[in-house]
>>> print(open('upload-v8.txt').read())   # compact mmCIF, C-alpha atoms and all ligand atoms
# COMPACT_ATOMS: atom_id res chain seq x y z
CA MET G 680 50.15 71.90 -122.17
CA VAL G 681 48.55 69.79 -119.48
CA ASP G 682 49.50 70.02 -115.82
CA THR G 683 52.24 67.43 -115.31
CA GLN G 684 51.58 67.25 -111.55
CA VAL G 685 48.23 65.56 -112.14
CA ASP G 686 47.97 61.77 -111.84
CA TRP G 687 45.64 61.47 -114.84
CA MET G 688 45.48 57.65 -114.75
CA GLY G 689 44.69 57.76 -111.01
CA ALA G 690 41.86 60.19 -111.76
CA ILE G 691 40.55 57.88 -114.52
CA ARG G 692 40.43 54.97 -112.06
CA ALA G 693 38.82 56.97 -109.24
CA ARG G 694 36.14 58.79 -111.30
CA HIS G 695 32.49 57.71 -111.33
CA SER G 696 29.42 59.83 -112.02
CA VAL G 697 28.06 61.49 -108.86
CA ARG G 698 24.58 63.04 -108.91
CA SER G 699 24.08 64.05 -105.23
CA TYR G 700 26.17 66.84 -103.76
CA THR G 701 26.75 68.25 -100.27
CA ALA G 702 26.41 71.98 -99.51
CA ARG G 703 30.21 72.37 -99.18
CA PRO G 704 31.29 75.15 -101.58
CA ILE G 705 34.28 74.67 -103.88
CA GLU G 706 37.21 76.53 -102.31
CA LYS G 707 38.47 79.71 -104.03
CA GLU G 708 41.87 78.17 -104.80
CA LYS G 709 40.22 75.19 -106.50
CA VAL G 710 37.93 77.47 -108.51
CA ALA G 711 41.02 79.41 -109.63
CA ALA G 712 42.88 76.19 -110.55
CA LEU G 713 39.87 74.96 -112.51
CA GLN G 714 39.53 78.30 -114.26
CA ALA G 715 43.17 78.11 -115.40
CA GLN G 716 42.50 74.68 -116.95
CA ILE G 717 39.28 75.96 -118.57
CA ASP G 718 41.24 78.86 -120.08
CA ARG G 719 43.81 76.41 -121.47
CA CYS G 720 41.12 74.17 -122.98
CA ASN G 721 39.33 77.15 -124.53
CA ARG G 722 42.60 78.43 -126.01
CA GLU G 723 43.70 75.05 -127.39
CA GLY G 724 40.29 73.97 -128.64
CA GLY G 725 38.81 77.31 -129.74
CA LEU G 726 35.96 76.74 -127.27
CA HIS G 727 33.87 78.88 -124.88
CA ILE G 728 33.53 76.58 -121.84
CA GLN G 729 32.32 78.50 -118.76
CA LEU G 730 32.31 77.73 -115.05
CA VAL G 731 29.05 78.49 -113.21
CA THR G 732 29.26 78.51 -109.41
CA GLU G 733 26.68 78.74 -106.61
CA GLU G 734 23.80 78.74 -109.08
CA PRO G 735 21.15 76.05 -108.45
CA LYS G 736 18.41 77.00 -110.95
CA ALA G 737 19.40 74.73 -113.84
CA PHE G 738 19.14 71.75 -111.45
CA ASP G 739 16.01 72.78 -109.52
CA GLY G 740 13.36 71.59 -111.94
CA MET G 741 11.54 68.39 -112.79
CA MET G 742 14.19 67.24 -115.27
CA ALA G 743 16.94 67.23 -112.66
CA HIS G 744 14.77 65.37 -110.14
CA TYR G 745 13.83 62.87 -112.82
CA GLY G 746 17.56 62.47 -113.44
CA LYS G 747 18.12 61.90 -109.68
CA PHE G 748 20.28 64.99 -109.24
CA SER G 749 20.38 66.80 -105.90
CA GLY G 750 22.38 69.67 -104.46
CA VAL G 751 23.91 70.72 -107.81
CA ARG G 752 25.08 74.36 -107.64
CA ASN G 753 28.30 74.25 -109.65
CA TYR G 754 28.82 73.13 -113.20
CA LEU G 755 30.71 73.63 -116.42
CA ALA G 756 28.68 74.86 -119.39
CA LEU G 757 30.17 73.24 -122.50
CA ILE G 758 29.85 75.83 -125.25
CA GLY G 759 31.62 76.39 -128.55
CA PRO G 760 31.18 77.44 -132.17
CA LYS G 761 28.66 75.31 -134.09
CA GLY G 762 30.31 72.95 -136.52
CA GLU G 763 31.06 69.36 -137.43
CA SER G 764 33.79 68.91 -134.80
CA LEU G 765 32.14 70.73 -131.85
CA GLU G 766 30.72 67.71 -129.99
CA GLU G 767 33.89 65.61 -130.17
CA LYS G 768 36.03 68.60 -129.11
CA LEU G 769 33.81 69.33 -126.11
CA GLY G 770 34.05 65.65 -125.15
CA TYR G 771 37.84 65.71 -125.46
CA TYR G 772 38.40 68.92 -123.47
CA GLY G 773 35.44 68.46 -121.10
CA GLU G 774 36.86 65.13 -119.94
CA GLN G 775 40.23 66.76 -119.23
CA LEU G 776 38.35 69.12 -116.90
CA VAL G 777 36.45 66.18 -115.33
CA LEU G 778 39.73 64.39 -114.55
CA TYR G 779 41.36 67.58 -113.31
CA ALA G 780 38.38 68.16 -110.97
CA GLN G 781 38.69 64.56 -109.76
CA ALA G 782 42.37 65.16 -108.99
CA LEU G 783 41.32 68.22 -106.95
CA GLY G 784 39.06 65.97 -104.85
CA LEU G 785 35.81 66.99 -106.56
CA ASN G 786 33.11 64.81 -108.11
CA THR G 787 31.42 65.26 -111.47
CA CYS G 788 28.72 64.04 -113.84
CA TRP G 789 28.26 64.70 -117.55
CA VAL G 790 24.67 65.84 -118.22
CA ALA G 791 23.10 66.15 -121.66
CA LEU G 792 19.41 65.87 -120.85
CA THR G 793 18.40 66.02 -117.21
CA PHE G 794 18.83 69.75 -116.54
CA SER G 795 17.07 73.00 -117.56
CA LYS G 796 19.11 74.30 -120.48
CA GLY G 797 17.26 77.64 -120.55
CA LYS G 798 18.31 78.41 -116.97
CA VAL G 799 22.06 78.23 -117.55
CA PRO G 800 23.34 81.81 -117.04
CA ALA G 801 26.24 81.47 -119.48
CA ALA G 802 27.21 83.67 -122.43
CA ILE G 803 26.32 81.88 -125.64
CA ASP G 804 27.61 84.12 -128.43
CA LYS G 805 26.24 84.28 -131.96
CA GLY G 806 27.05 81.06 -133.83
CA GLU G 807 27.74 79.16 -130.60
CA LYS G 808 25.90 76.27 -129.00
CA LEU G 809 25.52 74.91 -125.45
CA VAL G 810 25.91 71.15 -125.95
CA CYS G 811 25.79 69.86 -122.37
CA VAL G 812 27.02 70.54 -118.84
CA ILE G 813 29.24 68.81 -116.28
CA THR G 814 28.20 69.03 -112.62
CA LEU G 815 30.95 69.75 -110.08
CA GLY G 816 31.18 69.64 -106.32
CA TYR G 817 31.69 67.52 -103.24
CA GLY G 818 29.62 64.38 -103.65
CA GLU G 819 27.54 62.63 -101.01
CA GLY G 820 29.56 59.60 -102.13
CA GLN G 821 32.15 58.69 -104.74
CA GLY G 822 29.82 56.83 -107.15
CA THR G 823 30.25 53.27 -108.36
CA ALA G 824 32.02 51.58 -111.26
CA HIS G 825 29.89 51.19 -114.39
CA LYS G 826 29.24 47.84 -116.06
CA SER G 827 31.51 47.57 -119.05
CA LYS G 828 31.58 45.80 -122.39
CA ALA G 829 34.62 43.60 -123.01
CA ALA G 830 37.52 45.48 -124.66
CA GLY G 831 37.22 43.14 -127.64
CA ALA G 832 33.67 44.35 -128.29
CA VAL G 833 34.79 47.96 -128.86
CA SER G 834 38.19 47.44 -130.51
CA GLU G 835 39.67 45.70 -133.52
CA THR G 836 43.31 44.91 -134.15
CA THR G 837 45.36 43.04 -136.68
CA GLY G 838 48.46 41.13 -135.56
CA ASP G 839 49.90 41.22 -132.07
CA VAL G 840 48.29 43.69 -129.68
CA PRO G 841 51.00 46.03 -128.38
CA GLU G 842 51.14 46.80 -124.66
CA TRP G 843 50.43 50.52 -125.22
CA PHE G 844 47.21 49.65 -127.08
CA ARG G 845 46.11 47.32 -124.29
CA ARG G 846 46.70 50.08 -121.72
CA GLY G 847 44.87 52.58 -123.91
CA MET G 848 41.85 50.27 -124.09
CA GLU G 849 41.89 49.76 -120.33
CA ALA G 850 41.57 53.54 -119.85
CA ALA G 851 38.98 53.83 -122.67
CA MET G 852 36.72 51.26 -121.00
CA LEU G 853 36.64 53.42 -117.84
CA ALA G 854 35.36 56.45 -119.79
CA PRO G 855 31.88 57.82 -119.09
CA THR G 856 29.51 57.53 -122.06
CA ALA G 857 25.89 58.66 -122.43
CA VAL G 858 23.57 56.07 -120.82
CA ASN G 859 26.76 53.96 -120.50
CA GLN G 860 26.31 52.97 -124.14
CA GLN G 861 30.03 52.55 -125.06
CA LYS G 862 29.17 52.88 -128.76
CA TYR G 863 32.60 53.36 -130.29
CA LEU G 864 35.22 51.33 -132.11
CA ILE G 865 38.97 51.78 -131.72
CA GLU G 866 41.01 50.13 -134.47
CA LEU G 867 44.70 49.38 -134.89
CA LYS G 868 45.46 48.15 -138.38
CA GLY G 869 49.21 47.99 -138.84
CA ASP G 870 50.38 51.44 -137.71
CA ARG G 871 47.04 53.06 -138.36
CA LEU G 872 45.16 53.99 -135.17
CA SER G 873 41.60 55.24 -135.57
CA ALA G 874 38.43 55.68 -133.55
CA ARG G 875 34.83 56.27 -134.52
CA ALA G 876 31.39 56.47 -132.98
CA THR G 877 29.09 53.62 -133.89
CA GLY G 878 25.82 55.49 -133.46
CA GLY G 879 23.76 56.38 -130.44
CA PHE G 880 22.80 59.40 -128.42
CA TYR G 881 25.56 62.01 -127.94
CA ALA G 882 28.00 59.48 -129.40
CA LYS G 883 30.32 62.18 -130.78
CA VAL G 884 30.75 63.69 -127.32
CA ASP G 885 31.44 60.16 -126.04
CA LEU G 886 34.06 59.68 -128.77
CA GLY G 887 36.03 62.75 -127.65
CA ILE G 888 35.91 61.54 -124.03
CA VAL G 889 37.03 58.03 -124.97
CA LYS G 890 39.90 59.30 -127.15
CA TYR G 891 41.27 61.37 -124.28
CA HIS G 892 41.16 58.37 -121.93
CA PHE G 893 42.88 56.20 -124.54
CA GLU G 894 45.66 58.79 -125.00
CA VAL G 895 46.31 58.92 -121.24
CA GLY G 896 46.36 55.13 -120.88
CA ALA G 897 48.48 54.52 -123.98
CA GLY G 898 50.80 57.48 -123.35
CA ILE G 899 50.30 58.86 -126.86
CA GLY G 900 49.57 62.34 -128.22
CA HIS G 901 46.41 63.47 -130.00
CA ASP G 902 48.27 63.59 -133.33
CA ARG G 903 48.63 59.78 -133.25
CA TRP G 904 45.03 59.32 -134.49
CA THR G 905 44.39 58.89 -138.18
CA THR G 906 41.42 61.10 -138.95
CA SER G 907 40.57 60.42 -142.61
CA GLU G 908 39.21 57.08 -143.71
C1 LIG T 1001 27.67 62.74 -123.14
C2 LIG T 1001 27.07 62.24 -121.84
C3 LIG T 1001 25.79 62.64 -121.48
C4 LIG T 1001 25.22 62.21 -120.26
N1 LIG T 1001 23.95 62.67 -119.91
C5 LIG T 1001 23.43 62.30 -118.70
C6 LIG T 1001 22.14 62.82 -118.30
O1 LIG T 1001 21.49 63.58 -119.02
N2 LIG T 1001 21.66 62.44 -117.08
C7 LIG T 1001 22.37 61.61 -116.24
O2 LIG T 1001 21.89 61.32 -115.15
N3 LIG T 1001 23.59 61.09 -116.61
C8 LIG T 1001 24.14 61.43 -117.81
N4 LIG T 1001 25.39 60.95 -118.19
C9 LIG T 1001 26.17 60.07 -117.28
C10 LIG T 1001 26.20 58.62 -117.74
O3 LIG T 1001 24.95 58.01 -117.48
C11 LIG T 1001 27.36 57.87 -117.06
O4 LIG T 1001 28.57 58.48 -117.44
C12 LIG T 1001 27.40 56.40 -117.44
O5 LIG T 1001 26.28 55.72 -116.92
C13 LIG T 1001 28.68 55.70 -116.95
O6 LIG T 1001 28.82 55.79 -115.56
P1 LIG T 1001 30.11 56.46 -114.88
O7 LIG T 1001 30.19 57.88 -115.40
O8 LIG T 1001 29.83 56.39 -113.41
O9 LIG T 1001 31.32 55.68 -115.30
C14 LIG T 1001 25.96 61.35 -119.41
C15 LIG T 1001 27.25 60.93 -119.80
C16 LIG T 1001 27.81 61.39 -120.99
C17 LIG T 1001 29.20 60.98 -121.35
>>> encode(input="upload-v8.txt", output="structure tokens")
Amino acid sequence: MVDTQVDWMGAIRARHSVRSYTARPIEKEKVAALQAQIDRCNREGGLHIQLVTEEPKAFDGMMAHYGKFSGVRNYLALIGPKGESLEEKLGYYGEQLVLYAQALGLNTCWVALTFSKGKVPAAIDKGEKLVCVITLGYGEGQGTAHKSKAAGAVSETTGDVPEWFRRGMEAAMLAPTAVNQQKYLIELKGDRLSARATGGFYAKVDLGIVKYHFEVGAGIGHDRWTTSE
């Protein structure tokens, strides 16, 4: 169950990646609220996502500076059991945590490359993998809107386009993707709704993120997707 008090669409519109953070710590109540959402995601998704607070080492090195990160001391370590569906699942649940953090007044950024993976002090159990992290905190600014492909470039429909699909695409286009690649295709053929990655770096994580945005915008559940070809 997701928190019904959260304005998820408002969070989708307000969110942009933020890479510079102030020294303001995340308040205890917000940490507790985030932890409750992390617990829910881990339960629902069979994941091992962990919150790391007041720990700057993974963002102290050359990689983070190269990636233009500064002041990062809080992040989510996206971890789960290795397997075919891990990346998409972490995208799907990780983005719920991103939007929840946004609703709490925090800023975020997905990070796959520009951090020191070996310095993340999280528990990675046997058979598990750390796929990427999400920075958290009070940003120096609120970020800026990314350039976007046209909805028609990442979707295909037959017949009239229903209003719910149009709204779903509007939310999907606002989703963060690795290097802003937007390499996915959402199709509506008759009643059959499907989505797939069309290649690219971390495209399966992107796909999970995009599907969650689409569900929020369209007002549909996760079971609405057709998974087999
Ligand atoms: C899976 C994934 C991995 C990412 N990895 C990095 C990264 O390593 N370094 C970085 O600076 N930004 C990273 N980003 C952030 C993207 O560059 C950013 O989301 C994209 O440019 C769109 O901008 P927006 O998030 O402000 O809408 C990543 C985003 C995603 C979804």
>>> residues_near_ligand(input="upload-v8.txt", ligand="ligand LIG 1001 (chain T)", cutoff="8 Å", atoms="all atoms listed in the file", output="ChimeraX atom specification")
/G:694-698,746-748,770,788-794,811,822-826,853-860,880-882,884-885,888
>>> closest_residue(input="upload-v8.txt", among="G:Arg875, G:Arg692, G:Lys736, G:His727", to="Pro800 in chain G", atoms="only C-alpha atoms")
G:Lys736
>>> residues_around(input="upload-v8.txt", residues="Ala702 in chain G", least_positions_apart="2", cutoff="10 Å", atoms="all atoms listed in the file", output="list in words")
Tyr700, Pro704, Ile705, Glu733, Gly750, Val751, Arg752, Gly816, Tyr817, Gly818 and Glu819 of chain G
>>> write_last_selection(input="upload-v8.txt", atoms="C-alpha atoms", output="PDB file, in the frame of the given file")
ATOM      1  CA  TYR G 700      26.170  66.840-103.760  1.00  0.00           C
ATOM      2  CA  PRO G 704      31.290  75.150-101.580  1.00  0.00           C
ATOM      3  CA  ILE G 705      34.280  74.670-103.880  1.00  0.00           C
ATOM      4  CA  GLU G 733      26.680  78.740-106.610  1.00  0.00           C
ATOM      5  CA  GLY G 750      22.380  69.670-104.460  1.00  0.00           C
ATOM      6  CA  VAL G 751      23.910  70.720-107.810  1.00  0.00           C
ATOM      7  CA  ARG G 752      25.080  74.360-107.640  1.00  0.00           C
ATOM      8  CA  GLY G 816      31.180  69.640-106.320  1.00  0.00           C
ATOM      9  CA  TYR G 817      31.690  67.520-103.240  1.00  0.00           C
ATOM     10  CA  GLY G 818      29.620  64.380-103.650  1.00  0.00           C
ATOM     11  CA  GLU G 819      27.540  62.630-101.010  1.00  0.00           C
TER      12      GLU G 819
END
>>> closest_residue(input="upload-v8.txt", among="G:Leu726, G:Leu809, G:Leu815, G:Ala756", to="Val710 in chain G", atoms="all atoms listed in the file")
G:Leu815
>>> residues_around(input="upload-v8.txt", residues="Lys828 in chain G", least_positions_apart="3", cutoff="9 Å", atoms="all atoms listed in the file", output="PyMOL selection string")
chain G and resi 831-833+852+861
>>> write_last_selection(input="upload-v8.txt", atoms="C-alpha atoms", output="compact mmCIF listing (two decimals), keeping the file's coordinate frame")
# COMPACT_ATOMS: atom_id res chain seq x y z
CA GLY G 831 37.22 43.14 -127.64
CA ALA G 832 33.67 44.35 -128.29
CA VAL G 833 34.79 47.96 -128.86
CA MET G 852 36.72 51.26 -121.00
CA GLN G 861 30.03 52.55 -125.06
>>> closest_residue(input="upload-v8.txt", among="G:Ser699, G:Gly724, G:Glu866, G:Glu774", to="Gln821 in chain G", atoms="all atoms listed in the file")
G:Ser699
>>> atom_distance(input="upload-v8.txt", atom1="CA of Met688 in chain G", atom2="CA of Leu778 in chain G")
8.9 Å
>>> closest_residue(input="upload-v8.txt", among="G:Gln729, G:Gln775, G:Thr814, G:Asn786", to="Asn753 in chain G", atoms="all atoms listed in the file")
G:Thr814
>>> atom_distance(input="upload-v8.txt", atom1="CA of Leu713 in chain G", atom2="CA of Ala780 in chain G")
7.1 Å
>>> residues_around(input="upload-v8.txt", residues="Lys798 in chain G", least_positions_apart="3", cutoff="10 Å", atoms="all atoms listed in the file", output="list in words")
Glu734, Pro735, Lys736, Ala737, Phe738, Asp739, Gly740, Phe794, Ser795 and Ala801 of chain G
>>> atom_distance(input="upload-v8.txt", atom1="CA of Ala782 in chain G", atom2="CA of Gly820 in chain G")
15.6 Å
>>> axis_aligned_box(input="upload-v8.txt", around="range 823-835 of chain G", padding_each_side="5 Å", output="AutoDock Vina command-line options")
--center_x 34.5 --center_y 48.2 --center_z -120.9 --size_x 20.4 --size_y 20.1 --size_z 35.2
>>> residues_around(input="upload-v8.txt", residues="Gly847 in chain G", least_positions_apart="4", cutoff="6 Å", atoms="only C-alpha atoms", output="ChimeraX atom specification")
/G:893,896-897
>>> closest_residue(input="upload-v8.txt", among="G:Met741, G:Val889, G:Ala874, G:Met848", to="Thr906 in chain G", atoms="only C-alpha atoms")
G:Ala874
>>> residues_around(input="upload-v8.txt", residues="range 761-767 of chain G", least_positions_apart="2", cutoff="7 Å", atoms="all atoms listed in the file", output="list in words")
Gly759, Leu769, Gly770, Tyr771, Gly806, Glu807, Lys808, Lys883, Val884, Leu886 and Gly887 of chain G
>>> closest_residue(input="upload-v8.txt", among="G:Ile691, G:Ile803, G:Leu872, G:Met742", to="Gln781 in chain G", atoms="all atoms listed in the file")
G:Ile691
